[in-house]
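Here's coords_19.cif, which has mmCIF, C-alpha atoms:
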```cif
data_entry
loop_
_atom_site.label_atom_id
_atom_site.label_comp_id
_atom_site.auth_asym_id
_atom_site.auth_seq_id
_atom_site.Cartn_x
_atom_site.Cartn_y
_atom_site.Cartn_z
CA MET A 1 38.90 -53.57 -8.40
CA LEU A 2 37.56 -56.96 -7.55
CA TYR A 3 41.05 -58.46 -7.68
CA SER A 4 42.40 -55.72 -5.46
CA ASP A 5 39.64 -56.31 -2.91
CA THR A 6 40.40 -60.02 -2.91
CA VAL A 7 44.08 -59.39 -2.28
CA SER A 8 43.24 -56.99 0.56
CA ILE A 9 40.92 -59.50 2.20
CA SER A 10 43.53 -62.24 1.85
CA SER A 11 46.18 -60.00 3.42
CA TRP A 12 43.78 -59.08 6.22
CA TRP A 13 43.22 -62.74 7.11
CA LYS A 14 46.95 -63.46 7.04
CA ASP A 15 47.53 -60.57 9.45
CA LYS A 16 44.86 -61.87 11.79
CA LEU A 17 46.30 -65.35 11.72
CA HIS A 18 49.78 -64.05 12.53
CA THR A 19 48.54 -61.81 15.34
CA GLY A 20 46.64 -64.66 16.96
CA ILE A 21 43.14 -63.18 16.69
CA VAL A 22 42.00 -66.29 14.83
CA THR A 23 42.89 -69.19 17.09
CA ASN A 24 42.20 -72.88 17.68
CA TRP A 25 43.30 -73.90 14.17
CA SER A 26 44.11 -77.61 14.18
CA LYS A 27 47.42 -78.66 12.64
CA THR A 28 46.18 -82.19 12.06
CA LYS A 29 43.05 -83.39 10.33
CA PRO A 30 40.45 -84.43 12.94
CA ARG A 31 39.53 -88.11 13.14
CA PHE A 32 36.46 -89.09 11.22
CA PRO A 33 33.83 -90.41 13.70
CA TRP A 34 33.46 -93.83 12.09
CA VAL A 35 32.05 -95.55 15.17
CA THR A 36 29.52 -92.81 15.92
CA LEU A 37 28.31 -92.74 12.32
CA THR A 38 28.16 -96.54 12.10
CA VAL A 39 26.09 -96.81 15.28
CA LEU A 40 23.72 -94.14 13.97
CA LEU A 41 23.26 -95.97 10.67
CA VAL A 42 22.85 -99.42 12.26
CA CYS A 43 20.27 -98.15 14.76
CA THR A 44 18.34 -96.40 11.99
CA ALA A 45 18.45 -99.50 9.77
CA ALA A 46 17.26 -101.67 12.65
CA LYS A 47 14.36 -99.30 13.29
CA VAL A 48 13.37 -99.33 9.61
CA LEU A 49 13.44 -103.13 9.66
CA HIS A 50 11.38 -103.24 12.85
CA SER A 51 8.83 -100.73 11.55
CA ASN A 52 8.27 -102.64 8.29
CA ALA A 53 7.97 -106.05 9.92
CA THR A 54 4.72 -107.78 10.80
CA PRO A 55 3.58 -107.63 14.44
CA MET A 56 4.72 -111.21 14.94
CA ILE A 57 8.20 -110.50 13.56
CA GLN A 58 8.40 -107.32 15.64
CA ASN A 59 7.72 -109.36 18.74
CA VAL A 60 10.40 -111.88 17.73
CA ILE A 61 12.92 -109.05 17.24
CA LEU A 62 12.18 -107.63 20.69
CA GLU A 63 12.31 -110.94 22.53
CA SER A 64 15.37 -112.28 20.73
CA GLY A 65 17.37 -109.05 20.56
CA GLY A 66 16.13 -107.28 23.67
CA VAL A 67 17.24 -107.80 27.26
CA LEU A 68 14.90 -110.05 29.24
CA PRO A 69 15.94 -109.39 32.86
CA ASN A 70 14.18 -112.43 34.32
CA GLN A 71 15.99 -114.82 31.96
CA LEU A 72 19.39 -113.16 32.23
CA ALA A 73 19.13 -112.95 36.03
CA ARG A 74 18.53 -116.70 36.08
CA ILE A 75 21.59 -117.30 33.88
CA PHE A 76 23.91 -115.06 35.90
CA SER A 77 22.73 -116.58 39.17
CA GLN A 78 24.33 -119.86 38.11
CA SER A 79 28.01 -120.78 38.01
CA VAL A 80 30.36 -118.82 35.76
CA GLY A 81 30.48 -121.68 33.28
CA ALA A 82 26.76 -121.26 32.59
CA TRP A 83 27.16 -117.61 31.63
CA ALA A 84 28.24 -118.55 28.08
CA ASP A 85 24.66 -118.42 26.87
CA TYR A 86 23.49 -116.81 23.62
CA GLN A 87 20.98 -114.73 25.59
CA ALA A 88 23.90 -112.85 27.16
CA LEU A 89 24.52 -111.32 23.73
CA SER A 90 21.26 -109.40 24.13
CA LEU A 91 23.13 -107.06 26.50
CA VAL A 92 24.76 -105.69 23.32
CA SER A 93 22.12 -106.34 20.64
CA ALA A 94 19.48 -104.47 22.65
CA LEU A 95 21.53 -101.27 22.25
CA PHE A 96 20.67 -101.09 18.54
CA ILE A 97 16.92 -101.76 18.74
CA HIS A 98 14.30 -99.04 19.24
CA THR A 99 10.52 -99.34 19.23
CA SER A 100 9.67 -95.74 18.40
CA TRP A 101 11.12 -93.08 16.15
CA LEU A 102 10.99 -90.57 19.01
CA HIS A 103 13.09 -92.86 21.20
CA LEU A 104 15.58 -93.38 18.35
CA THR A 105 15.77 -89.69 17.42
CA GLY A 106 16.41 -88.57 20.99
CA ASN A 107 19.21 -91.08 21.45
CA MET A 108 20.84 -90.35 18.10
CA VAL A 109 20.80 -86.57 18.63
CA TYR A 110 22.63 -86.94 21.94
CA LEU A 111 24.96 -89.51 20.40
CA TRP A 112 25.93 -87.18 17.55
CA VAL A 113 26.35 -84.05 19.69
CA PHE A 114 28.49 -85.71 22.35
CA GLY A 115 29.83 -88.74 20.47
CA VAL A 116 31.69 -86.96 17.67
CA PRO A 117 34.04 -84.91 19.91
CA LEU A 118 34.38 -87.87 22.28
CA GLU A 119 35.45 -90.23 19.49
CA ARG A 120 37.94 -87.65 18.19
CA ARG A 121 39.47 -87.57 21.66
CA LEU A 122 39.41 -91.30 22.48
CA GLY A 123 39.72 -92.81 19.01
CA SER A 124 37.58 -95.58 17.53
CA MET A 125 38.46 -98.26 20.07
CA GLY A 126 37.83 -95.91 22.97
CA MET A 127 34.44 -95.01 21.53
CA VAL A 128 33.57 -98.69 21.13
CA LEU A 129 34.46 -99.28 24.77
CA VAL A 130 32.27 -96.42 25.94
CA PHE A 131 29.26 -97.23 23.77
CA VAL A 132 29.28 -101.02 23.65
CA PHE A 133 31.00 -102.05 26.88
CA CYS A 134 29.47 -99.40 29.15
CA GLY A 135 26.09 -99.78 27.42
CA ALA A 136 26.12 -103.54 27.98
CA LEU A 137 27.09 -103.06 31.63
CA ALA A 138 24.21 -100.59 32.04
CA ASN A 139 21.80 -103.23 30.72
CA LEU A 140 23.37 -105.74 33.10
CA PHE A 141 22.81 -103.33 35.99
CA VAL A 142 19.10 -103.14 35.14
CA THR A 143 18.98 -106.93 34.95
CA MET A 144 20.43 -107.25 38.43
CA ARG A 145 18.21 -104.52 39.83
CA LEU A 146 14.98 -105.76 38.24
CA PRO A 147 15.41 -109.54 38.03
CA GLU A 148 11.65 -110.16 37.96
CA LEU A 149 10.99 -107.97 34.90
CA THR A 150 9.63 -110.09 32.04
CA SER A 151 9.28 -107.37 29.38
CA PRO A 152 12.20 -106.80 26.97
CA ILE A 153 14.38 -103.75 27.43
CA VAL A 154 15.74 -102.20 24.24
CA GLY A 155 17.35 -98.96 23.15
CA ALA A 156 20.70 -97.20 23.19
CA SER A 157 19.76 -95.12 26.24
CA GLY A 158 22.36 -96.69 28.53
CA ALA A 159 25.12 -96.46 25.91
CA VAL A 160 24.31 -92.86 24.97
CA SER A 161 24.20 -91.97 28.66
CA ALA A 162 27.70 -93.44 28.96
CA VAL A 163 28.81 -91.21 26.07
CA VAL A 164 27.34 -88.17 27.84
CA GLY A 165 29.04 -89.11 31.11
CA ALA A 166 32.39 -89.65 29.39
CA TYR A 167 32.06 -86.29 27.62
CA LEU A 168 31.50 -84.54 30.93
CA GLY A 169 34.52 -86.22 32.46
CA LEU A 170 36.82 -85.28 29.58
CA PHE A 171 35.42 -81.86 28.64
CA PRO A 172 33.97 -80.37 31.84
CA SER A 173 34.59 -76.78 30.78
CA ARG A 174 33.46 -76.90 27.15
CA ARG A 175 30.49 -75.00 25.78
CA ILE A 176 27.79 -76.36 23.47
CA GLY A 177 26.11 -74.24 20.81
CA MET A 178 22.32 -74.18 21.20
CA LEU A 179 19.33 -72.33 19.79
CA LEU A 180 17.40 -70.88 22.74
CA PRO A 181 13.86 -69.44 22.43
CA LEU A 182 13.85 -65.79 23.47
CA GLY A 183 10.36 -64.41 22.98
CA LEU A 184 9.41 -64.81 19.34
CA TYR A 185 12.97 -65.46 18.20
CA LEU A 186 15.60 -68.18 18.45
CA GLN A 187 18.93 -66.96 19.74
CA PHE A 188 22.15 -68.92 19.24
CA ALA A 189 24.15 -69.21 22.44
CA ARG A 190 27.06 -71.26 23.70
CA VAL A 191 25.98 -72.86 26.95
CA PRO A 192 28.43 -74.60 29.31
CA ALA A 193 28.25 -78.33 28.68
CA VAL A 194 27.98 -79.01 32.39
CA LEU A 195 24.67 -77.10 32.52
CA VAL A 196 23.24 -78.96 29.52
CA ILE A 197 24.27 -82.33 30.91
CA GLY A 198 23.18 -81.33 34.41
CA SER A 199 19.67 -80.54 33.24
CA TRP A 200 19.58 -83.80 31.29
CA PHE A 201 20.81 -85.75 34.33
CA THR A 202 18.22 -84.14 36.59
CA LEU A 203 15.44 -85.07 34.19
CA GLN A 204 16.61 -88.69 34.08
CA LEU A 205 16.78 -88.79 37.88
CA VAL A 206 13.19 -87.58 38.12
CA TYR A 207 12.10 -90.24 35.64
CA THR A 208 14.01 -92.89 37.60
CA VAL A 209 12.45 -92.01 40.94
CA LEU A 210 8.93 -91.05 39.87
CA GLY A 211 8.40 -92.45 36.40
CA PRO A 212 7.18 -95.95 35.56
CA ILE A 213 9.55 -98.48 34.05
CA THR A 214 7.98 -99.72 30.84
CA GLY A 215 8.67 -102.78 28.76
CA VAL A 216 10.96 -100.96 26.32
CA VAL A 217 12.61 -98.20 28.35
CA ALA A 218 14.21 -98.79 31.76
CA TRP A 219 15.24 -95.42 33.11
CA TRP A 220 17.81 -96.99 35.39
CA THR A 221 19.93 -97.63 32.30
CA HIS A 222 20.43 -93.86 32.01
CA MET A 223 21.81 -93.59 35.51
CA ALA A 224 24.05 -96.65 35.23
CA GLY A 225 25.33 -95.69 31.78
CA PHE A 226 26.11 -92.12 32.84
CA ALA A 227 28.03 -93.26 35.92
CA LEU A 228 30.00 -95.86 33.94
CA GLY A 229 30.93 -93.36 31.23
CA LEU A 230 32.02 -90.80 33.80
CA ILE A 231 34.16 -93.36 35.63
CA PHE A 232 35.73 -94.47 32.34
CA SER A 233 36.66 -90.90 31.40
CA LEU A 234 38.16 -90.21 34.81
CA LEU A 235 40.30 -93.34 34.46
CA VAL A 236 41.43 -92.13 31.03
CA ARG A 237 42.40 -88.73 32.45
CA ALA A 238 44.21 -90.32 35.38
CA SER A 239 46.12 -92.63 33.03
CA ALA A 240 47.14 -89.69 30.84
CA GLN A 241 48.37 -87.73 33.85
CA ILE A 242 50.40 -90.71 35.07
CA LYS A 243 52.07 -91.05 31.66
CA MET A 244 52.85 -87.33 31.59
CA GLY A 245 54.22 -87.46 35.13
#
```
Would you kindly transcribe this structure into structure tokens?
Amino acid sequence: MLYSDTVSISSWWKDKLHTGIVTNWSKTKPRFPWVTLTVLLVCTAAKVLHSNATPMIQNVILESGGVLPNQLARIFSQSVGAWADYQALSLVSALFIHTSWLHLTGNMVYLWVFGVPLERRLGSMGMVLVFVFCGALANLFVTMRLPELTSPIVGASGAVSAVVGAYLGLFPSRRIGMLLPLGLYLQFARVPAVLVIGSWFTLQLVYTVLGPITGVVAWWTHMAGFALGLIFSLLVRASAQIKMG
């Protein structure tokens, strides 16, 4: 009886597959999100190191690895030959440093939700460009906008914002599964990605206009990163259309 039931169920699934009721089966194995996972692990390891360090070492980590707008603005105001300064590397190193677990958790959740499908679409090199290159440019934007700021800016906010912007540009019509509170219960629903990202973008805009810019979080990095990621994705789509045409 059990064997017969198993055969019936197997036949039922085969029928459904042939009739097209079960769709969206991938013929190729999806890419493993190596870059996304590596960034998540490096950021977490850096936070563990920072948390277990003495206050003096923590300060050294922030000032050596974080972006110091006043110093970088001075460097970039000189001739191009003077730009080859080790402090310019902080535009990238700052992306992996966080001063609070809440800051890290928020960034990593957004990175995982939007980064995995983005990396599967763009590949590892494309993901590196979005996260590292756009994130560094977002930090540079803050440096140019706030050249008098003396406090270090750290965090992957600009890079993750670039990932979110690139996701919107490449997958504008996708839906994201979410657990929504409905009374005393949580209801699973698939919400259009544009609404999720739109609410996130609105919140960042409010923070940018009304919120203070602290020593560790510059909200302008969110805006710059998002715009850069969106522009990058639109260029990718335009390039793909040109090749197809």
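Between CA of Val48 in chain A and CA of Thr105 in chain A the separation is 12.6 Å.
With CA of Pro30 in chain A on one side and CA of Glu119 in chain A on the other, the separation reads 10.1 Å.
The closest residue to Ala189 in chain A, picked from A:Thr202, A:Ile231, A:Ser100, A:Arg175 and counting all atoms listed in the file, is A:Arg175.
Closest to Met127 in chain A among A:Val163, A:Met56, A:Met108, A:Met144 is A:Val163, based on all atoms listed in the file.
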Original post:
Looking at A:Leu91, A:Leu186, A:Val236, A:Ala136, which one is nearest to Ala224 in chain A, with distances taken over only C-alpha atoms?
Top reply: A:Ala136
Original post:
Counting only C-alpha atoms, what is within 9 Å of Phe171 in chain A, bar same-chain residues fewer than 5 positions away, as an NGL selection string?
Top reply: :A and (118 or 166 or 193-194)
Subject >> Selection near Gly229 in chain A, 12 Å with all atoms listed in the file, sequence-local residues under 6 positions removed, as number ranges by chain >> reply: A: 114-115, 118, 126-138, 158-170, 221-223, 235-236
Original post:
Taking the file as shown, what set of residues would the PyMOL selection byres ((chain A and resi 147-149) around 6) give back, as number ranges by chain?
Top reply: A: 69-70, 73, 143-144, 146, 150-151
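Each of A:Asn52, A:Ser239, A:Ser64, A:Ser233 was compared to Val92 in chain A using all atoms listed in the file, and A:Ser64 turns out to be the nearest.
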Just say which residues the PyMOL selection byres ((chain A and resi 33) around 9) picks in this file, as an mmCIF file with C-alpha atoms, keeping the file's coordinate frame.
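Resulting contents of out_33.cif:
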```cif
data_model
loop_
_atom_site.group_PDB
_atom_site.id
_atom_site.type_symbol
_atom_site.label_atom_id
_atom_site.label_comp_id
_atom_site.auth_asym_id
_atom_site.auth_seq_id
_atom_site.Cartn_x
_atom_site.Cartn_y
_atom_site.Cartn_z
ATOM 1 C CA PRO A 30 40.450 -84.430 12.940
ATOM 2 C CA ARG A 31 39.530 -88.110 13.140
ATOM 3 C CA PHE A 32 36.460 -89.090 11.220
ATOM 4 C CA TRP A 34 33.460 -93.830 12.090
ATOM 5 C CA VAL A 35 32.050 -95.550 15.170
ATOM 6 C CA THR A 36 29.520 -92.810 15.920
ATOM 7 C CA LEU A 37 28.310 -92.740 12.320
ATOM 8 C CA THR A 38 28.160 -96.540 12.100
ATOM 9 C CA GLY A 115 29.830 -88.740 20.470
ATOM 10 C CA VAL A 116 31.690 -86.960 17.670
ATOM 11 C CA PRO A 117 34.040 -84.910 19.910
ATOM 12 C CA LEU A 118 34.380 -87.870 22.280
ATOM 13 C CA GLU A 119 35.450 -90.230 19.490
ATOM 14 C CA ARG A 120 37.940 -87.650 18.190
ATOM 15 C CA GLY A 123 39.720 -92.810 19.010
ATOM 16 C CA SER A 124 37.580 -95.580 17.530
#
```
Subject >> Residue neighbourhood His103 in chain A, 12 Å, all atoms listed in the file, exclusion window fewer than 5 positions, as an NGL selection string >> reply: :A and (43-44 or 47 or 95-98 or 108-110 or 154-157 or 160 or 216-217)
Original post:
How far is it from CA of Ala88 in chain A to CA of Leu72 in chain A, in Å with one decimal?
Top reply: 6.8 Å
